[in-house]
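Colleague: File follows, query17.txt with compact mmCIF, C-alpha atoms:
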# COMPACT_ATOMS: atom_id res chain seq x y z
CA MET A 979 4.17 9.19 -13.45
CA ILE A 980 5.90 12.54 -14.10
CA ARG A 981 6.96 12.82 -17.70
CA LEU A 982 9.68 15.40 -18.26
CA PRO A 983 10.51 16.93 -21.61
CA ARG A 984 14.13 16.19 -22.41
CA ASN A 985 15.32 19.77 -22.07
CA SER A 986 12.88 21.09 -19.50
CA LEU A 987 15.29 22.45 -16.90
CA PRO A 988 12.65 24.44 -14.95
CA THR A 989 10.67 21.23 -14.47
CA VAL A 990 13.84 19.41 -13.48
CA TRP A 991 14.56 22.02 -10.82
CA LEU A 992 11.00 21.65 -9.56
CA ALA A 993 11.30 17.88 -9.27
CA LEU A 994 14.24 18.30 -6.93
CA VAL A 995 12.74 21.13 -4.93
CA VAL A 996 9.50 19.18 -4.38
CA LEU A 997 11.35 16.38 -2.65
CA SER A 998 14.12 18.13 -0.80
CA GLY A 999 12.57 21.46 -0.05
CA THR A 1000 15.88 23.20 -0.69
CA THR A 1001 15.85 26.62 -2.25
CA LEU A 1002 17.40 27.28 -5.64
CA SER A 1003 20.62 28.50 -4.08
CA HIS A 1004 24.25 27.75 -4.76
CA ALA A 1005 24.21 25.29 -1.88
CA ALA A 1006 21.43 23.29 -3.53
CA ALA A 1007 22.74 23.60 -7.06
CA GLN A 1008 25.54 21.08 -6.57
CA ASP A 1009 22.86 18.42 -5.95
CA ILE A 1010 21.49 18.81 -9.48
CA PRO A 1011 23.43 17.35 -12.41
CA ASP A 1012 23.60 19.30 -15.65
CA THR A 1013 24.57 16.46 -17.97
CA SER A 1014 21.98 13.70 -17.61
CA PRO A 1015 18.32 14.43 -18.35
CA GLU A 1016 17.58 10.70 -18.21
CA ALA A 1017 18.88 10.53 -14.64
CA ILE A 1018 16.70 13.44 -13.65
CA ARG A 1019 13.68 11.80 -15.27
CA ALA A 1020 14.32 8.69 -13.19
CA TYR A 1021 14.70 10.87 -10.12
CA ALA A 1022 11.41 12.64 -10.84
CA ASP A 1023 9.63 9.28 -11.16
CA GLY A 1024 11.14 8.30 -7.83
CA ALA A 1025 9.93 11.56 -6.30
CA GLU A 1026 6.38 10.86 -7.39
CA ALA A 1027 6.42 7.27 -6.12
CA HIS A 1028 7.92 8.41 -2.81
CA LEU A 1029 5.25 11.05 -2.43
CA ALA A 1030 2.57 8.36 -2.75
CA ASN A 1031 4.34 5.94 -0.40
CA PRO A 1032 7.44 6.78 1.72
CA GLN A 1033 8.30 3.05 1.83
CA SER A 1034 7.89 2.49 -1.90
CA GLU A 1035 9.96 -0.24 -3.55
CA GLU A 1036 9.10 1.47 -6.84
CA ALA A 1037 10.64 4.74 -5.64
CA LEU A 1038 13.72 2.87 -4.48
CA ALA A 1039 14.16 1.37 -7.95
CA HIS A 1040 13.76 4.75 -9.70
CA PHE A 1041 16.31 6.42 -7.42
CA ARG A 1042 18.71 3.54 -7.92
CA ARG A 1043 18.39 3.95 -11.68
CA ALA A 1044 18.92 7.71 -11.42
CA HIS A 1045 22.30 7.17 -9.73
CA GLU A 1046 23.25 4.42 -12.18
CA LEU A 1047 22.54 6.78 -15.10
CA ASP A 1048 24.69 9.49 -13.52
CA PRO A 1049 27.17 8.13 -10.93
CA ASN A 1050 27.98 11.72 -9.90
CA PHE A 1051 24.33 12.32 -8.88
CA PHE A 1052 24.16 11.48 -5.15
CA THR A 1053 20.83 13.00 -4.17
CA PRO A 1054 19.04 9.80 -5.28
CA VAL A 1055 21.45 7.79 -3.11
CA TYR A 1056 20.35 9.89 -0.14
CA MET A 1057 16.73 9.20 -1.05
CA GLN A 1058 17.43 5.47 -1.21
CA TYR A 1059 18.94 5.76 2.27
CA LEU A 1060 15.84 7.55 3.53
CA ILE A 1061 13.53 4.88 2.10
CA ALA A 1062 15.69 2.08 3.53
CA ASN A 1063 15.27 3.70 6.95
CA ASN A 1064 11.52 3.97 6.43
CA MET A 1065 11.45 0.27 5.54
CA SER A 1066 13.64 -0.65 8.56
CA ASN A 1067 16.03 -2.33 6.12
CA ASP A 1068 19.17 -1.91 8.22
CA ALA A 1069 21.50 -3.80 5.88
CA LEU A 1070 20.58 -1.61 2.92
CA ALA A 1071 20.70 1.55 5.04
CA ASP A 1072 24.18 0.65 6.32
CA SER A 1073 25.45 0.09 2.80
CA LEU A 1074 24.00 3.34 1.47
CA GLU A 1075 25.22 5.28 4.50
CA ALA A 1076 28.79 4.15 3.80
CA VAL A 1077 28.50 5.30 0.16
CA LEU A 1078 27.11 8.68 1.21
CA GLN A 1079 29.79 9.27 3.82
CA GLN A 1080 32.50 8.50 1.28
CA ASN A 1081 30.95 11.00 -1.15
CA ARG A 1082 29.50 13.61 1.19
CA ASP A 1083 31.40 16.40 -0.56
CA ARG A 1084 29.12 15.79 -3.56
CA LEU A 1085 26.08 16.74 -1.44
CA SER A 1086 25.00 20.25 -0.49
CA GLY A 1087 25.15 21.47 3.08
CA TYR A 1088 21.43 20.76 3.38
CA TYR A 1089 21.80 17.09 2.53
CA GLN A 1090 24.98 16.71 4.55
CA GLY A 1091 23.18 18.05 7.60
CA MET A 1092 20.13 15.83 7.17
CA LEU A 1093 22.36 12.81 6.56
CA ASP A 1094 24.17 13.52 9.85
CA ALA A 1095 20.84 13.85 11.67
CA PHE A 1096 19.58 10.49 10.41
CA VAL A 1097 22.92 8.77 11.10
CA LEU A 1098 22.79 9.94 14.72
CA ARG A 1099 19.18 8.85 15.02
CA ARG A 1100 20.01 5.37 13.77
CA LYS A 1101 22.58 5.19 16.58
CA ASP A 1102 19.81 6.13 19.07
CA LEU A 1103 21.58 9.43 19.83
CA PHE A 1104 18.26 11.24 19.82
CA ALA A 1105 19.23 14.52 21.47
CA ALA A 1106 22.24 14.94 19.18
CA SER A 1107 20.14 14.06 16.14
CA GLU A 1108 17.50 16.64 17.07
CA ALA A 1109 20.16 19.30 17.60
CA VAL A 1110 21.67 18.68 14.16
CA ALA A 1111 18.22 18.72 12.51
CA ARG A 1112 17.37 21.96 14.33
CA GLY A 1113 20.56 23.49 12.95
CA VAL A 1114 19.58 22.51 9.40
CA VAL A 1115 16.16 24.11 9.93
CA GLU A 1116 17.85 27.33 11.05
CA ARG A 1117 20.23 27.36 8.06
CA TYR A 1118 17.56 26.39 5.54
CA PRO A 1119 14.24 27.80 6.81
CA GLY A 1120 11.08 26.71 5.09
CA THR A 1121 12.59 23.46 3.78
CA ARG A 1122 11.72 19.83 4.40
CA ALA A 1123 14.18 19.89 7.30
CA ALA A 1124 11.40 21.46 9.38
CA TYR A 1125 9.21 18.42 8.72
CA ASN A 1126 12.00 16.00 9.64
CA TYR A 1127 12.71 17.91 12.84
CA ALA A 1128 9.01 17.73 13.75
CA LEU A 1129 9.08 14.00 13.03
CA PHE A 1130 11.98 13.60 15.45
CA VAL A 1131 10.53 15.57 18.37
CA TRP A 1132 6.73 15.36 18.28
CA GLN A 1133 6.42 12.82 21.09
CA ARG A 1134 8.87 14.53 23.43
CA ASP A 1135 8.08 18.13 22.55
CA PRO A 1136 4.84 18.36 20.56
CA GLU A 1137 4.77 22.16 20.80
CA ALA A 1138 8.19 22.37 19.11
CA ALA A 1139 6.99 20.00 16.40
CA LEU A 1140 3.96 22.16 15.67
CA ARG A 1141 6.10 25.32 15.60
CA ALA A 1142 8.40 23.67 13.06
CA LEU A 1143 5.47 22.67 10.88
CA GLU A 1144 4.15 26.23 10.98
CA GLN A 1145 7.11 27.15 8.73
CA LEU A 1146 5.58 24.99 6.02
CA ASP A 1147 2.44 25.44 3.95
CA PRO A 1148 0.73 22.06 3.42
CA ASP A 1149 -0.56 23.27 0.04
CA ARG A 1150 2.84 24.37 -1.27
CA GLU A 1151 6.16 22.64 -1.85
CA PRO A 1152 7.81 20.88 -0.18
CA MET A 1153 4.71 19.67 1.74
CA ARG A 1154 2.14 19.68 -1.02
CA GLY A 1155 0.63 16.19 -1.24
CA TRP A 1156 2.73 14.93 1.68
CA PHE A 1157 0.45 13.03 4.06
CA GLY A 1158 3.07 12.80 6.81
CA TYR A 1159 2.58 16.51 7.56
CA TRP A 1160 -0.95 15.80 8.80
CA SER A 1161 0.07 12.61 10.57
CA ILE A 1162 2.68 14.37 12.72
CA ARG A 1163 0.20 17.13 13.55
CA ALA A 1164 -2.35 14.49 14.57
CA GLY A 1165 0.09 12.81 16.93
CA ALA A 1166 1.39 16.04 18.45
CA LEU A 1167 -2.09 17.42 19.06
CA HIS A 1168 -3.20 14.19 20.72
CA VAL A 1169 -0.13 14.14 22.99
CA MET A 1170 -0.96 17.72 24.01
CA GLY A 1171 -4.56 16.73 24.73
CA ASP A 1172 -5.82 19.17 22.10
CA LEU A 1173 -8.59 16.89 20.85
CA GLU A 1174 -10.59 19.69 19.21
CA GLY A 1175 -7.47 20.70 17.33
CA GLY A 1176 -7.10 17.07 16.35
CA LEU A 1177 -10.58 17.07 14.83
CA GLU A 1178 -9.75 20.19 12.80
CA ASN A 1179 -6.55 18.52 11.64
CA ALA A 1180 -8.47 15.41 10.61
CA ARG A 1181 -10.96 17.46 8.60
CA ALA A 1182 -8.15 19.33 6.82
CA ALA A 1183 -6.43 16.05 5.98
CA GLN A 1184 -9.68 14.53 4.74
CA GLU A 1185 -10.17 17.44 2.34
CA ARG A 1186 -6.68 17.06 0.87
CA HIS A 1187 -6.40 13.25 1.00
CA PRO A 1188 -9.95 11.97 0.47
CA SER A 1189 -8.77 8.55 -0.72
CA ARG A 1190 -6.95 7.79 2.56
CA VAL A 1191 -8.85 6.12 5.38
CA THR A 1192 -6.45 7.26 8.12
CA PRO A 1193 -7.85 10.81 8.61
CA PHE A 1194 -11.32 9.29 8.94
CA ALA A 1195 -9.95 6.81 11.49
CA TRP A 1196 -8.63 9.80 13.47
CA ASP A 1197 -12.23 10.94 13.83
CA VAL A 1198 -13.05 7.57 15.39
CA THR A 1199 -10.31 7.71 18.02
CA ILE A 1200 -10.70 11.41 18.83
CA HIS A 1201 -14.46 11.18 19.35
CA ALA A 1202 -13.81 8.07 21.46
CA ALA A 1203 -11.34 10.04 23.59
CA LEU A 1204 -14.05 12.68 24.02
CA GLY A 1205 -16.62 10.03 24.95
CA ASN A 1206 -18.87 10.95 22.01
CA VAL A 1207 -20.18 7.45 21.29
CA GLU A 1208 -22.78 8.60 18.77
CA ARG A 1209 -20.13 10.49 16.81
CA VAL A 1210 -17.88 7.43 17.05
CA GLU A 1211 -20.56 5.37 15.33
CA GLU A 1212 -20.89 7.99 12.59
CA ALA A 1213 -17.13 8.11 12.08
CA LEU A 1214 -16.91 4.31 11.95
CA ALA A 1215 -19.62 4.20 9.28
CA ARG A 1216 -17.62 6.65 7.14
CA ALA A 1217 -14.38 4.73 7.62
CA PHE A 1218 -16.02 1.41 6.73
CA GLU A 1219 -16.94 2.79 3.31
CA PHE A 1220 -13.29 2.59 2.25
CA PRO A 1221 -12.20 -0.45 0.25
CA GLY A 1222 -10.42 -2.97 2.42
CA ALA A 1223 -11.66 -1.50 5.69
CA VAL A 1224 -11.61 -4.03 8.54
CA PRO A 1225 -14.55 -3.36 10.88
CA GLY A 1226 -13.01 -5.42 13.67
CA VAL A 1227 -10.00 -3.11 13.76
CA GLY A 1228 -12.26 -0.04 13.79
CA TYR A 1229 -14.27 -1.36 16.73
CA ARG A 1230 -11.05 -2.34 18.50
CA ASP A 1231 -9.49 1.10 18.06
CA ALA A 1232 -12.66 2.84 19.27
CA GLY A 1233 -12.97 0.61 22.32
CA HIS A 1234 -9.28 0.98 23.07
CA GLU A 1235 -9.50 4.77 23.14
CA LEU A 1236 -12.80 4.87 25.05
CA MET A 1237 -11.32 2.77 27.84
CA ALA A 1238 -8.07 4.74 27.85
CA HIS A 1239 -10.03 7.91 28.59
CA GLY A 1240 -12.18 6.43 31.34
CA TYR A 1241 -15.27 5.33 29.40
CA GLU A 1242 -14.94 1.71 30.49
CA ARG A 1243 -18.52 0.50 29.96
CA GLU A 1244 -18.73 1.99 26.47
CA GLY A 1245 -15.20 0.82 25.67
CA ARG A 1246 -15.83 -2.76 26.71
CA ALA A 1247 -19.02 -2.87 24.63
CA MET A 1248 -17.07 -1.71 21.58
CA LEU A 1249 -14.29 -4.24 22.22
CA GLU A 1250 -16.87 -7.03 22.46
CA ARG A 1251 -18.15 -5.98 19.03
CA ALA A 1252 -14.59 -6.19 17.72
CA LEU A 1253 -14.12 -9.65 19.17
CA ALA A 1254 -17.43 -10.86 17.72
CA TRP A 1255 -16.38 -9.60 14.28
CA PHE A 1256 -13.00 -11.34 14.47
CA ASP A 1257 -14.61 -14.57 15.63
CA GLU A 1258 -17.15 -14.50 12.80
CA GLU A 1259 -14.42 -13.86 10.24
CA ASP A 1260 -12.08 -16.46 11.66
CA GLU A 1261 -11.77 -18.53 8.49
CA ARG A 1262 -10.53 -15.53 6.52
CA THR A 1263 -8.38 -14.06 9.29
CA THR A 1264 -4.85 -13.08 8.32
CA ALA A 1265 -1.96 -13.12 10.78
CA ALA A 1266 -2.37 -9.36 11.20
CA ALA A 1267 -6.08 -9.69 11.99
CA ALA A 1268 -5.33 -12.58 14.35
CA ALA A 1269 -2.93 -10.30 16.19
CA GLN A 1270 -5.64 -7.64 16.46
CA ARG A 1271 -7.97 -10.28 17.91
CA ALA A 1272 -5.32 -11.34 20.44
CA TYR A 1273 -4.82 -7.74 21.52
CA THR A 1274 -8.57 -7.28 21.86
CA LEU A 1275 -8.65 -10.24 24.25
CA TYR A 1276 -5.84 -8.60 26.24
CA LEU A 1277 -7.68 -5.28 26.44
CA LEU A 1278 -10.78 -7.11 27.68
CA GLY A 1279 -8.74 -8.74 30.46
CA ARG A 1280 -9.09 -12.24 29.03
CA TYR A 1281 -5.42 -12.94 29.60
CA ALA A 1282 -5.45 -16.74 29.32
CA ASP A 1283 -7.19 -16.55 25.95
CA ALA A 1284 -4.83 -13.78 24.83
CA ARG A 1285 -1.81 -15.85 25.92
CA ASP A 1286 -3.00 -18.83 23.88
CA ALA A 1287 -3.73 -16.64 20.84
CA TYR A 1288 -0.28 -15.04 20.99
CA ARG A 1289 1.34 -18.45 21.46
CA GLN A 1290 -0.29 -19.64 18.24
CA LEU A 1291 0.93 -16.52 16.46
CA ALA A 1292 4.47 -17.01 17.80
CA GLU A 1293 4.49 -20.53 16.40
CA ALA A 1294 3.02 -19.45 13.06
CA VAL A 1295 5.25 -16.37 12.65
CA PRO A 1296 8.52 -17.21 14.46
CA THR A 1297 10.25 -14.16 12.95
CA SER A 1298 8.06 -11.80 15.04
CA ASP A 1299 9.48 -11.63 18.56
CA PHE A 1300 6.63 -9.30 19.59
CA TYR A 1301 4.30 -12.28 19.82
CA GLU A 1302 6.63 -14.10 22.21
CA ALA A 1303 6.94 -10.99 24.35
CA SER A 1304 3.14 -10.81 24.40
CA VAL A 1305 3.02 -14.44 25.57
CA ALA A 1306 5.22 -13.37 28.48
CA VAL A 1307 2.98 -10.42 29.39
CA ASN A 1308 -0.22 -12.44 29.34
CA SER A 1309 1.40 -15.37 31.13
CA ALA A 1310 2.42 -13.04 33.96
CA LEU A 1311 -1.12 -11.68 34.16
CA THR A 1312 -2.49 -15.22 34.55
CA GLY A 1313 -0.06 -15.95 37.38
CA ASP A 1314 2.42 -17.97 35.31
CA ARG A 1315 5.53 -16.12 36.46
CA ALA A 1316 7.88 -18.90 35.36
CA THR A 1317 7.00 -18.49 31.67
CA ALA A 1318 7.15 -14.71 31.88
CA GLU A 1319 10.52 -14.74 33.64
CA ARG A 1320 11.95 -17.27 31.19
CA ILE A 1321 11.05 -15.07 28.21
CA LEU A 1322 12.20 -11.95 30.08
CA ALA A 1323 15.61 -13.56 30.57
CA ARG A 1324 15.84 -14.12 26.82
CA VAL A 1325 15.04 -10.45 26.24
CA GLN A 1326 17.78 -9.44 28.68
CA ARG A 1327 20.27 -11.73 26.91
CA ASP A 1328 19.45 -9.92 23.64
CA GLU A 1329 17.93 -13.08 22.18
CA ILE A 1330 14.55 -11.39 21.65
CA GLY A 1331 14.17 -7.88 20.27
CA SER A 1332 15.90 -6.44 17.23
CA ASP A 1333 17.42 -3.42 19.03
CA TRP A 1334 17.88 -2.01 22.52
CA ARG A 1335 14.80 0.18 22.31
CA THR A 1336 12.54 -2.72 21.37
CA ARG A 1337 14.04 -4.82 24.16
CA ALA A 1338 13.48 -2.01 26.66
CA SER A 1339 9.82 -1.83 25.64
CA TYR A 1340 9.45 -5.59 26.15
CA GLU A 1341 11.13 -5.37 29.55
CA LEU A 1342 8.82 -2.50 30.50
CA LEU A 1343 5.69 -4.47 29.66
CA ILE A 1344 6.83 -7.76 31.20
CA HIS A 1345 8.07 -6.15 34.42
CA ALA A 1346 4.79 -4.25 34.71
CA ALA A 1347 2.79 -7.44 34.17
CA LEU A 1348 4.87 -9.13 36.87
CA GLY A 1349 4.12 -6.22 39.20
CA ASP A 1350 7.80 -5.28 39.56
CA VAL A 1351 7.40 -1.51 39.74
CA PRO A 1352 11.10 -0.56 40.30
CA ALA A 1353 12.24 -2.68 37.34
CA ALA A 1354 9.42 -1.35 35.17
CA LYS A 1355 10.40 2.22 36.04
CA ARG A 1356 14.02 1.51 35.11
CA ALA A 1357 12.93 0.10 31.77
CA LEU A 1358 10.65 3.11 31.33
CA GLY A 1359 13.60 5.43 31.80
CA ARG A 1360 15.68 3.58 29.20
CA TYR A 1361 12.93 3.33 26.67
CA GLY A 1362 11.54 6.83 27.04
CA ILE A 1363 7.91 6.39 26.11
CA ARG A 1364 5.50 6.48 23.24
CA ALA A 1365 2.79 8.47 24.89
CA LEU A 1366 -0.01 7.55 22.51
CA TRP A 1367 0.75 3.87 22.95
CA VAL A 1368 1.33 3.90 26.71
CA HIS A 1369 -1.76 5.79 27.80
CA ARG A 1370 -3.83 3.09 26.13
CA ASP A 1371 -2.08 0.13 27.80
CA PRO A 1372 -4.17 -1.05 30.76
CA THR A 1373 -1.32 -2.89 32.50
CA LEU A 1374 1.04 0.09 32.44
CA SER A 1375 -1.74 2.43 33.51
CA ARG A 1376 -2.74 0.15 36.38
CA VAL A 1377 0.78 -0.60 37.63
CA LEU A 1378 2.53 2.70 36.93
CA GLY A 1379 -0.38 5.12 36.63
CA SER A 1380 0.23 6.78 39.99
CA GLU A 1381 3.99 7.00 39.54
CA SER A 1382 5.36 10.49 38.93
CA ASP A 1383 7.80 9.16 36.31
CA PHE A 1384 4.92 7.67 34.35
CA GLN A 1385 2.91 10.87 34.55
CA ARG A 1386 5.88 12.90 33.33
CA PHE A 1387 6.58 10.62 30.38
CA LEU A 1388 2.91 10.34 29.56
CA ALA A 1389 2.67 14.13 29.36
CA THR A 1390 5.81 14.78 27.30
CA GLY A 1391 6.90 11.63 25.48
CA PRO A 1392 10.54 10.45 25.34
Write out the structure in this file as structure tokens.
Modeller:
Amino acid sequence: MIRLPRNSLPTVWLALVVLSGTTLSHAAAQDIPDTSPEAIRAYADGAEAHLANPQSEEALAHFRRAHELDPNFFTPVYMQYLIANNMSNDALADSLEAVLQQNRDRLSGYYQGMLDAFVLRRKDLFAASEAVARGVVERYPGTRAAYNYALFVWQRDPEAALRALEQLDPDREPMRGWFGYWSIRAGALHVMGDLEGGLENARAAQERHPSRVTPFAWDVTIHAALGNVERVEEALARAFEFPGAVPGVGYRDAGHELMAHGYEREGRAMLERALAWFDEEDERTTAAAAAQRAYTLYLLGRYADARDAYRQLAEAVPTSDFYEASVAVNSALTGDRATAERILARVQRDEIGSDWRTRASYELLIHAALGDVPAAKRALGRYGIRALWVHRDPTLSRVLGSESDFQRFLATGP
């Protein structure tokens, strides 16, 4: 953890700048207390924990303590709000949002603007949220606002996301050590179809974050998209060297991407390897691995088996409505329209799905599985699209692949 000398104000300034990206201007100065070194130490510990994991409970606790030590210090409250959003903890986010709104005059213009952007995003007012974030980027160039703006827009406008990230140096604050920078670039480059650029991005991330498996997994999926099966095998071997690597998931991801890009024979062979691994490891299979196995069955077109696997998951994990939606999709694909329509009705009554966007995605998949193209297109329009997810879904590609709306969304995101 960061250990700050009690009277080390330059280090204190740095701790704040690392996380926020604000410059040492008058606008930023009001975010930094001048009376509580202990609060700033707690904040610095939170900054380090957040850097390692944006959903860190440890970071949340440090930021909470920082505000408790100095109740006039509201930057750590903003950081708690950000983490609550990352964790999808709506109740905590709502509570913190109310506190921040009541005390927004204690935040600088930078934090007020980013708070407004996230509030709008939580209300699903995406265009308004992006506009506010873009305004913060313009007022505070070279700050973390550029990263947040890229995070907001990379699926819809990957070029704009990459332009925003160009303002930031990944080896300098506020991006130094921040893995999300490379993750957004990876997604934007893939949406644009710049697979060679994606490989360069993966290599750069591997150099800076050698302990993370994700950049090595990008090699697997990108080489699969390029149809380079030999390179896929090499990339899988590297990824499997990481502690906790799950070979079945690696084979599944590779097969998924091969099939999505037209390499059906090679993709099916890889998916069969994934399924064999999951079947061999059945006694040690967690719910997450069981879900991967179920999805592998779906990708292989074994819909009855996938339906039964998802039904078992829905019974074992009743809090996850995704499994029930997946039962509906696979039931429709086996010809059991009654089950699919019954679950679809529950989605439409808001009984399944935590928010409107999730429900729209379920409707999209179930309508497509039922072969109802007009209804699927309407759901597509409401949901927008997650291009990286959709181009890999065989049902959507088969049912909507020739539709101009699908092609447009696939190319540009939501």
Colleague: Tell me which of A:Ala1353, A:Ala1316, A:Ala1195, A:Ala1338 sits closest to Arg1181 of chain A, counting only C-alpha atoms.
Modeller: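 Nearest candidate to Arg1181 of chain A out of A:Ala1353, A:Ala1316, A:Ala1195, A:Ala1338: A:Ala1195.
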Colleague: Which residues are near segment 1209-1219 of chain A? Cut-off 10 Å, all atoms listed in the file, ignore same chain within fewer than 3 positions. Put them as a count of residues only.
Modeller: 26
Colleague: Segment 1042-1053 of chain A: which residues within 7 Å, counting only C-alpha atoms, same-chain residues fewer than 4 positions away excluded, as a list in words?
Modeller: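 Once the nearby chain positions are removed, what remains is Asp1009, Pro1011, Ser1014, Ala1017, Ile1018, Ala1020, Tyr1021, Leu1038, Met1057, Arg1084 and Leu1085 of chain A.
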Colleague: Can you tell me which residues surround segment 1065-1080 of chain A at a distance of at most 10 Å, considering only C-alpha atoms, apart from same-chain residues fewer than 5 positions away, and format the answer as a PyMOL selection string?
Modeller: chain A and resi 1032-1035+1052-1053+1055-1060+1085+1090+1093-1094+1096-1097+1100
Colleague: Keeping only C-alpha atoms, write the selected residues to a file as a PDB file, in the frame of the given file.
Modeller:
ATOM      1  CA  PRO A1032       7.440   6.780   1.720  1.00  0.00           C
ATOM      2  CA  GLN A1033       8.300   3.050   1.830  1.00  0.00           C
ATOM      3  CA  SER A1034       7.890   2.490  -1.900  1.00  0.00           C
ATOM      4  CA  GLU A1035       9.960  -0.240  -3.550  1.00  0.00           C
ATOM      5  CA  PHE A1052      24.160  11.480  -5.150  1.00  0.00           C
ATOM      6  CA  THR A1053      20.830  13.000  -4.170  1.00  0.00           C
ATOM      7  CA  VAL A1055      21.450   7.790  -3.110  1.00  0.00           C
ATOM      8  CA  TYR A1056      20.350   9.890  -0.140  1.00  0.00           C
ATOM      9  CA  MET A1057      16.730   9.200  -1.050  1.00  0.00           C
ATOM     10  CA  GLN A1058      17.430   5.470  -1.210  1.00  0.00           C
ATOM     11  CA  TYR A1059      18.940   5.760   2.270  1.00  0.00           C
ATOM     12  CA  LEU A1060      15.840   7.550   3.530  1.00  0.00           C
ATOM     13  CA  LEU A1085      26.080  16.740  -1.440  1.00  0.00           C
ATOM     14  CA  GLN A1090      24.980  16.710   4.550  1.00  0.00           C
ATOM     15  CA  LEU A1093      22.360  12.810   6.560  1.00  0.00           C
ATOM     16  CA  ASP A1094      24.170  13.520   9.850  1.00  0.00           C
ATOM     17  CA  PHE A1096      19.580  10.490  10.410  1.00  0.00           C
ATOM     18  CA  VAL A1097      22.920   8.770  11.100  1.00  0.00           C
ATOM     19  CA  ARG A1100      20.010   5.370  13.770  1.00  0.00           C
TER      20      ARG A1100
END
Colleague: Provide the atom CA of Gly1087 of chain A to atom CA of Arg1099 of chain A distance in Å, to one decimal place.
Modeller: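 Atom CA of Arg1099 of chain A lies at a distance of 18.4 Å from atom CA of Gly1087 of chain A.
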Colleague: Just want the 8 Å neighbourhood of Leu1342 of chain A, counted on all atoms listed in the file, with same-chain residues fewer than 6 positions away dropped. Output as a list in words.
Modeller: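 Listed by chain and then number, they are Ala1353, Ala1354, Lys1355, Ala1357 and Leu1358 of chain A.
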Colleague: Could you please determine the separation between atom CA of Ala1124 of chain A and atom CA of Leu1173 of chain A in Å, to one decimal place?
Modeller: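 Calculated distance between atom CA of Ala1124 of chain A and atom CA of Leu1173 of chain A is 23.5 Å.
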Colleague: Using all atoms listed in the file, can you tell me which of A:His1040, A:Arg1246, A:Arg1356, A:Arg1315 comes closest to His1028 of chain A?
Modeller: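 Closest residue, counting all atoms listed in the file: A:His1040.
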Colleague: Please compute the atom CA of Thr1317 of chain A-atom CA of Val1305 of chain A distance, one decimal, in Å.
Modeller: 8.3 Å
Colleague: Ala1265 of chain A: which residues within 10 Å, counting all atoms listed in the file, same-chain residues fewer than 3 positions away excluded, as a list of chain:residue names?
Modeller: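 Once the adjacent positions are removed, what remains is A:Arg1262, A:Ala1268, A:Ala1269, A:Gln1270, A:Arg1271, A:Leu1291, A:Ala1294, A:Val1295.
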Colleague: For each of A:Ala1180, A:Leu1140, A:Val1351, A:Ile1061, take the minimum atom-to-atom distance to Ser1380 of chain A, counting all atoms listed in the file, then give the residue where this is smallest.
Modeller: A:Val1351
Colleague: Which one of A:Arg1122, A:Arg1230, A:Arg1360, A:Arg1251 sits closest to Trp1334 of chain A if you count all atoms listed in the file?
Modeller: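 When distances to Trp1334 of chain A are compared using all atoms listed in the file, the smallest one comes from A:Arg1360.
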Colleague: Could you check the closest approach to Arg1186 of chain A for each of A:Met1153, A:Ala1105, A:Ile1330, A:Ala1247 and tell me which residue wins, using only C-alpha atoms?
Modeller: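 Using only C-alpha atoms, the shortest distance to Arg1186 of chain A belongs to A:Met1153.
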Colleague: Export C-alpha atoms of segment 1335-1350 of chain A from the structure just given, as a tab-separated table (two decimals), in the first residue's frame?
Modeller:
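Output saved as decode-v3.tsv:
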chain	number	residue	atom	x	y	z
A	1335	ARG	CA	-31.83	-2.73	-21.27
A	1336	THR	CA	-31.41	-6.27	-19.96
A	1337	ARG	CA	-35.05	-7.02	-20.75
A	1338	ALA	CA	-34.64	-5.66	-24.28
A	1339	SER	CA	-31.66	-7.96	-24.81
A	1340	TYR	CA	-33.70	-10.95	-23.63
A	1341	GLU	CA	-36.58	-9.99	-25.91
A	1342	LEU	CA	-34.16	-9.64	-28.82
A	1343	LEU	CA	-32.75	-13.13	-28.32
A	1344	ILE	CA	-36.09	-14.84	-27.67
A	1345	HIS	CA	-37.85	-13.17	-30.60
A	1346	ALA	CA	-34.95	-14.12	-32.87
A	1347	ALA	CA	-35.07	-17.72	-31.65
A	1348	LEU	CA	-38.81	-17.76	-32.35
A	1349	GLY	CA	-38.12	-16.45	-35.85
A	1350	ASP	CA	-40.14	-13.26	-35.28
